[in-house]
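Single-structure report; data block below.
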Amino acid sequence: MNVSELGEVMTSLGEPKWRGRQIAEAIYRQRIVDVEEISTLPKGLRQKLTSMGWRVGRPTVVQVFTSVDGTERYLVQGQLDGLTVETVWMPEGDEGETGDGLDGESEGGTEDRTGRKWDRGTICDSSQVGCAVSCQFCLTAKLGLQRNLTVGEIAGQVVAVLDRHGVEVGRDRVNLVYMGMGEPFLNYDNFMGAVRLLVEEVGLSPQRMTVSTSGIVPGIQRFAEEGPEIRPKLAISLNAPNDEVRSEVMPINRKWPIEQVVDAVRGVRLRAKERITFEYVLLGGVTDQPKHAAEVAGLVRRTGLPAKVNLIAWNPGPGVPYATPSNDAVETFRGALRSAGIPAYLRRPRGRDIYAACGQLKRTMEQMN
Ligand code: SAH
Ligand code: SF4
């Protein structure tokens with residue numbers, strides 16, 4: 001609930017509306033998890049709320065997988081049904097998300113509750129259970145769309161991870177990527193509702209958040225209307241050098257081809273130094289050849305957008321008919337983009353041993369169910 005919804009609950013109980021603001025401060029800023037501990041509320045009111053069944057919730061972390069590289073993957077469950085999604089914590093971030101000149105260098109480590117050293121981290125958040133977009137290389141696609149996550153579930157995953165690692169918002173350096181399961185722009189209202197809570201109430205910076213979309217044009221158009229004080233950075237899953245290949249690996253391209261997507265992106269008023277990210281999954285033999293790199297460089301240049309390219313070596317999964325690119329192909333691709341003057345970064349695969357790398361999330365779902 002946002003402040004005005006909390007205020008409405010208060011008025012319906014005959015309390016002043018501003019009590020909603022007090023509750024928001026307690027549950028989002030101080031991250032109090034028990035109604036009884038909201039010390040700004042009179043004791044009688046706390047008891048009344050508890051007896052009425054009001055609770056401060058987080059999605060429940062039902063399972064934790066820890067990688068040798070420090071990545072943690074959580075299977076989290078909302079309150080509505082038994083369905084689970086995945087959230088990932090990557091201490092130290094990764095080059096793809098930090099290599100945009102906005103995040104600075106690391107500065108000394110801090111120790112979290114689990115005793116592990118990290119001085120910055122990245123949280124990967126899910127927006128839907130499954131996904132309706134049929135990208136051929138993605139395991140989440142195989143689930144189909146089971147349901148949208150609620151505002152509370154999208155924001156709650158993040159807060160659960162902040163709690164777990166004792167993150168102090170405002171002091172610790174935390175990036176947030178909406179790159180977990182699902183297509184955020186096909187659950188637009190709940191996605192932006194969660195962003196608003198995380199920015200306005202929890203206190204995270206939208207400049208440290210990146211939302212990734214497969215290119216849902218009406219969603220990008222709405223996103224372009226969001227103000228700079230609330231709008232995360234934007235990443236587009238390009239994943240192919242031209243419309244022909246893109247329509248093969250991402251059938252959604254037949255509906256919204258590259259030029260239409262780029263046109264919609266042009267409507268976003270970028271902040272100083274902000275760049276659009278093009279994500280590019282390298283599929284061995286299919287999209288990782290030198291001729292593809294040359295095409296991508298030309299395509300990105302022609303957009304005229306301040307942009308960078310994040311390269312992701314495809315992470316394999318059962319039943320998906322692609323190959324992981326060779327290290328040589330990946331390095332050559334990045335080199336070709338860079339010599340063409342396009343900033344290109346490599347997303348390190350994180351947590352491969354626990355199947356936490358991009359697109360590998362469904363694998364656990366199968367093991368779980
Ligand atoms: N639905 C959104 C966000 C979630 S997917 C989108 O598609 O952008 C986040 C990123 O993971 C996308 O760039 C997608 O192309 C990438 N991805 C999906 N499956 C992958 C896989 N098996 N290996 C590497 N990257 C993958
Ligand atoms: Fe959905 Fe993104 Fe996977 Fe495509 S890559 S199926 S849009 S989660």
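Just so we're on the same page: first chain in the structure tokens is A, next is B, and so on; residues restart at 1 for each chain, and ligands are numbered from 1 in the order they show up.
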(message) Taking only C-alpha atoms and all ligand atoms into account, which residues have an atom no farther than 6 Å from ligand 2? I'd like them as a PyMOL selection string.
(response) chain A and resi 131+133-135+138+140-141+181-183+214
Residue selection dump (N, CA, C and O atoms) as an mmCIF file, in the first residue's frame:
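result.cif, freshly written:
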data_model
loop_
_atom_site.group_PDB
_atom_site.id
_atom_site.type_symbol
_atom_site.label_atom_id
_atom_site.label_comp_id
_atom_site.auth_asym_id
_atom_site.auth_seq_id
_atom_site.Cartn_x
_atom_site.Cartn_y
_atom_site.Cartn_z
ATOM 1 N N CYS A 131 6.155 -15.862 -18.035
ATOM 2 C CA CYS A 131 6.171 -14.752 -18.994
ATOM 3 C C CYS A 131 5.384 -15.157 -20.233
ATOM 4 O O CYS A 131 5.425 -16.307 -20.663
ATOM 5 N N VAL A 133 5.798 -13.645 -23.183
ATOM 6 C CA VAL A 133 6.576 -13.341 -24.398
ATOM 7 C C VAL A 133 7.427 -14.568 -24.724
ATOM 8 O O VAL A 133 8.109 -15.080 -23.862
ATOM 9 N N SER A 134 7.351 -15.015 -25.970
ATOM 10 C CA SER A 134 7.954 -16.330 -26.256
ATOM 11 C C SER A 134 9.382 -16.260 -26.790
ATOM 12 O O SER A 134 9.646 -16.829 -27.848
ATOM 13 N N CYS A 135 10.262 -15.595 -26.087
ATOM 14 C CA CYS A 135 11.647 -15.573 -26.572
ATOM 15 C C CYS A 135 12.189 -16.999 -26.573
ATOM 16 O O CYS A 135 12.066 -17.719 -25.579
ATOM 17 N N CYS A 138 14.838 -18.318 -23.885
ATOM 18 C CA CYS A 138 14.612 -18.013 -22.465
ATOM 19 C C CYS A 138 13.782 -19.095 -21.797
ATOM 20 O O CYS A 138 12.720 -19.473 -22.291
ATOM 21 N N THR A 140 12.244 -18.884 -18.865
ATOM 22 C CA THR A 140 11.021 -18.363 -18.235
ATOM 23 C C THR A 140 9.855 -18.443 -19.226
ATOM 24 O O THR A 140 8.714 -18.685 -18.837
ATOM 25 N N ALA A 141 10.171 -18.260 -20.506
ATOM 26 C CA ALA A 141 9.134 -18.314 -21.542
ATOM 27 C C ALA A 141 8.393 -19.642 -21.503
ATOM 28 O O ALA A 141 7.187 -19.712 -21.762
ATOM 29 N N MET A 181 12.163 -12.844 -13.520
ATOM 30 C CA MET A 181 11.136 -13.487 -14.332
ATOM 31 C C MET A 181 10.093 -12.464 -14.754
ATOM 32 O O MET A 181 9.676 -11.620 -13.972
ATOM 33 N N GLY A 182 9.669 -12.589 -16.003
ATOM 34 C CA GLY A 182 8.536 -11.786 -16.452
ATOM 35 C C GLY A 182 8.915 -10.560 -17.262
ATOM 36 O O GLY A 182 10.081 -10.184 -17.367
ATOM 37 N N GLU A 183 7.890 -9.963 -17.862
ATOM 38 C CA GLU A 183 8.059 -8.766 -18.690
ATOM 39 C C GLU A 183 7.413 -7.592 -17.935
ATOM 40 O O GLU A 183 6.177 -7.464 -17.904
ATOM 41 N N SER A 214 11.527 -6.458 -23.368
ATOM 42 C CA SER A 214 11.741 -7.123 -24.648
ATOM 43 C C SER A 214 11.304 -6.213 -25.803
ATOM 44 O O SER A 214 11.422 -6.584 -26.959
#
(request) Please extract the residues at most 8 Å from ligand 1, counting only C-alpha atoms and all ligand atoms, and provide them as an MDAnalysis selection string, using the chain letters and residue numbers of this document. (result) chainID A and resid 126 131 133 135 137:140 178:184 211:215 235:239 279:282 312:317 357:360
(request) Write out as a PyMOL selection string each polymer residue whose atoms come within 10 Å of A:Arg266, counting only C-alpha atoms; drop sequence neighbours fewer than 3 positions from it. (result) chain A and resi 220-221+224+260-263+269-270+276+303-305
Selection from above, N, CA and C atoms, as a JSON list (two decimals), in the first residue's frame, can you write it?
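The resulting file, part_6.json, is reproduced below:
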[["chain", "number", "residue", "atom", "x", "y", "z"],
["A", 220, "ILE", "N", 6.77, 1.18, -23.35],
["A", 220, "ILE", "CA", 7.88, 2.15, -23.44],
["A", 220, "ILE", "C", 7.30, 3.56, -23.56],
["A", 221, "GLN", "N", 6.19, 3.68, -24.31],
["A", 221, "GLN", "CA", 5.57, 5.00, -24.47],
["A", 221, "GLN", "C", 5.05, 5.54, -23.14],
["A", 224, "ALA", "N", 7.97, 6.59, -21.00],
["A", 224, "ALA", "CA", 8.56, 7.88, -21.43],
["A", 224, "ALA", "C", 7.87, 9.06, -20.75],
["A", 260, "GLN", "N", 10.38, 0.45, -34.58],
["A", 260, "GLN", "CA", 9.28, 0.96, -33.73],
["A", 260, "GLN", "C", 9.70, 1.06, -32.27],
["A", 261, "VAL", "N", 10.47, 0.06, -31.84],
["A", 261, "VAL", "CA", 10.96, 0.07, -30.46],
["A", 261, "VAL", "C", 11.87, 1.28, -30.26],
["A", 262, "VAL", "N", 12.80, 1.46, -31.19],
["A", 262, "VAL", "CA", 13.76, 2.56, -31.08],
["A", 262, "VAL", "C", 13.03, 3.91, -31.10],
["A", 263, "ASP", "N", 12.03, 4.01, -31.94],
["A", 263, "ASP", "CA", 11.23, 5.23, -31.99],
["A", 263, "ASP", "C", 10.60, 5.55, -30.64],
["A", 269, "ARG", "N", 12.99, 11.14, -22.10],
["A", 269, "ARG", "CA", 13.91, 12.27, -21.87],
["A", 269, "ARG", "C", 14.98, 11.83, -20.88],
["A", 270, "LEU", "N", 16.17, 11.61, -21.42],
["A", 270, "LEU", "CA", 17.25, 11.07, -20.60],
["A", 270, "LEU", "C", 17.83, 12.13, -19.66],
["A", 276, "ILE", "N", 20.90, 4.69, -22.75],
["A", 276, "ILE", "CA", 20.04, 3.53, -22.95],
["A", 276, "ILE", "C", 20.96, 2.30, -23.06],
["A", 303, "THR", "N", 20.62, 4.69, -34.36],
["A", 303, "THR", "CA", 19.54, 5.13, -33.46],
["A", 303, "THR", "C", 19.78, 6.57, -33.02],
["A", 304, "GLY", "N", 21.05, 6.98, -33.01],
["A", 304, "GLY", "CA", 21.37, 8.33, -32.55],
["A", 304, "GLY", "C", 21.23, 8.49, -31.04],
["A", 305, "LEU", "N", 20.94, 7.41, -30.34],
["A", 305, "LEU", "CA", 20.74, 7.49, -28.89],
["A", 305, "LEU", "C", 22.07, 7.37, -28.16]]
(request) Would you list, as a list in words, the residues of stretch 232-292 of chain A that end up in alpha helix (DSSP H) under DSSP run on this structure's backbone? (result)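 Here is the list: Asp243, Glu244, Val245, Arg246, Ser247, Glu248, Val249, Ile258, Glu259, Gln260, Val261, Val262, Asp263, Ala264, Val265, Arg266, Pro290, Lys291 and His292 of chain A.
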Limited to N, CA, C and O atoms, could you put the picked residues into a file as a compact mmCIF listing (two decimals), in the first residue's frame?
# COMPACT_ATOMS: atom_id res chain seq x y z
N ASP A 243 16.04 -7.30 -38.00
CA ASP A 243 14.66 -7.76 -37.78
C ASP A 243 14.47 -9.24 -38.12
O ASP A 243 13.70 -9.94 -37.47
N GLU A 244 15.18 -9.68 -39.15
CA GLU A 244 14.98 -11.07 -39.58
C GLU A 244 15.38 -12.05 -38.48
O GLU A 244 14.59 -12.90 -38.07
N VAL A 245 16.59 -11.87 -37.95
CA VAL A 245 17.06 -12.76 -36.88
C VAL A 245 16.25 -12.51 -35.60
O VAL A 245 15.88 -13.43 -34.88
N ARG A 246 15.94 -11.26 -35.36
CA ARG A 246 15.23 -10.95 -34.10
C ARG A 246 13.83 -11.59 -34.10
O ARG A 246 13.39 -12.10 -33.08
N SER A 247 13.17 -11.59 -35.24
CA SER A 247 11.84 -12.20 -35.28
C SER A 247 11.92 -13.70 -35.03
O SER A 247 10.97 -14.30 -34.50
N GLU A 248 13.05 -14.29 -35.40
CA GLU A 248 13.22 -15.71 -35.15
C GLU A 248 13.43 -16.01 -33.66
O GLU A 248 12.79 -16.89 -33.11
N VAL A 249 14.33 -15.25 -33.03
CA VAL A 249 14.63 -15.55 -31.62
C VAL A 249 13.65 -14.87 -30.67
O VAL A 249 13.44 -15.34 -29.55
N ILE A 258 12.24 -3.60 -34.63
CA ILE A 258 13.30 -2.80 -34.01
C ILE A 258 13.06 -1.29 -34.16
O ILE A 258 13.15 -0.54 -33.19
N GLU A 259 12.72 -0.85 -35.38
CA GLU A 259 12.58 0.59 -35.60
C GLU A 259 11.47 1.19 -34.73
O GLU A 259 11.61 2.30 -34.21
N GLN A 260 10.38 0.45 -34.58
CA GLN A 260 9.28 0.96 -33.73
C GLN A 260 9.70 1.06 -32.27
O GLN A 260 9.32 1.98 -31.55
N VAL A 261 10.47 0.06 -31.84
CA VAL A 261 10.96 0.07 -30.46
C VAL A 261 11.87 1.28 -30.26
O VAL A 261 11.72 2.05 -29.30
N VAL A 262 12.80 1.46 -31.19
CA VAL A 262 13.76 2.56 -31.08
C VAL A 262 13.03 3.91 -31.10
O VAL A 262 13.35 4.82 -30.32
N ASP A 263 12.03 4.01 -31.94
CA ASP A 263 11.23 5.23 -31.99
C ASP A 263 10.60 5.55 -30.64
O ASP A 263 10.61 6.71 -30.19
N ALA A 264 10.04 4.52 -30.02
CA ALA A 264 9.42 4.73 -28.70
C ALA A 264 10.49 5.14 -27.69
O ALA A 264 10.25 6.03 -26.85
N VAL A 265 11.67 4.53 -27.77
CA VAL A 265 12.75 4.86 -26.83
C VAL A 265 13.19 6.32 -27.00
O VAL A 265 13.54 6.99 -26.03
N ARG A 266 13.12 6.81 -28.22
CA ARG A 266 13.51 8.22 -28.46
C ARG A 266 12.64 9.19 -27.68
O ARG A 266 13.04 10.33 -27.44
N PRO A 290 31.22 -12.16 -36.27
CA PRO A 290 31.74 -10.81 -36.54
C PRO A 290 30.81 -9.98 -37.42
O PRO A 290 30.64 -8.78 -37.20
N LYS A 291 30.15 -10.61 -38.39
CA LYS A 291 29.24 -9.82 -39.24
C LYS A 291 28.05 -9.29 -38.42
O LYS A 291 27.55 -8.19 -38.68
N HIS A 292 27.65 -10.05 -37.41
CA HIS A 292 26.57 -9.58 -36.54
C HIS A 292 27.04 -8.37 -35.72
O HIS A 292 26.29 -7.41 -35.54
(request) Do a neighbour search on stretch 9-16 of chain A at 12 Å with only C-alpha atoms, toss out local chain neighbours closer than 2 positions, and write the hits as a list in words. (result) Met1, Asn2, Val3, Ser4, Glu5, Leu6, Gly7, Trp18, Arg19, Gly20, Arg21, Gln22, Ile23, Ala24, Leu41, Pro42, Gly44, Leu45, Arg46, Lys48, Leu49, Met52 and Trp54 of chain A
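Note that atom CA of A:Ala307 and atom CA of A:Phe223 are 17.5 Å apart.
Taking only C-alpha atoms into account, A:Gly57 lies nearest to A:Ile27 out of the set A:Val195, A:Val169, A:Ile27, A:Val320.
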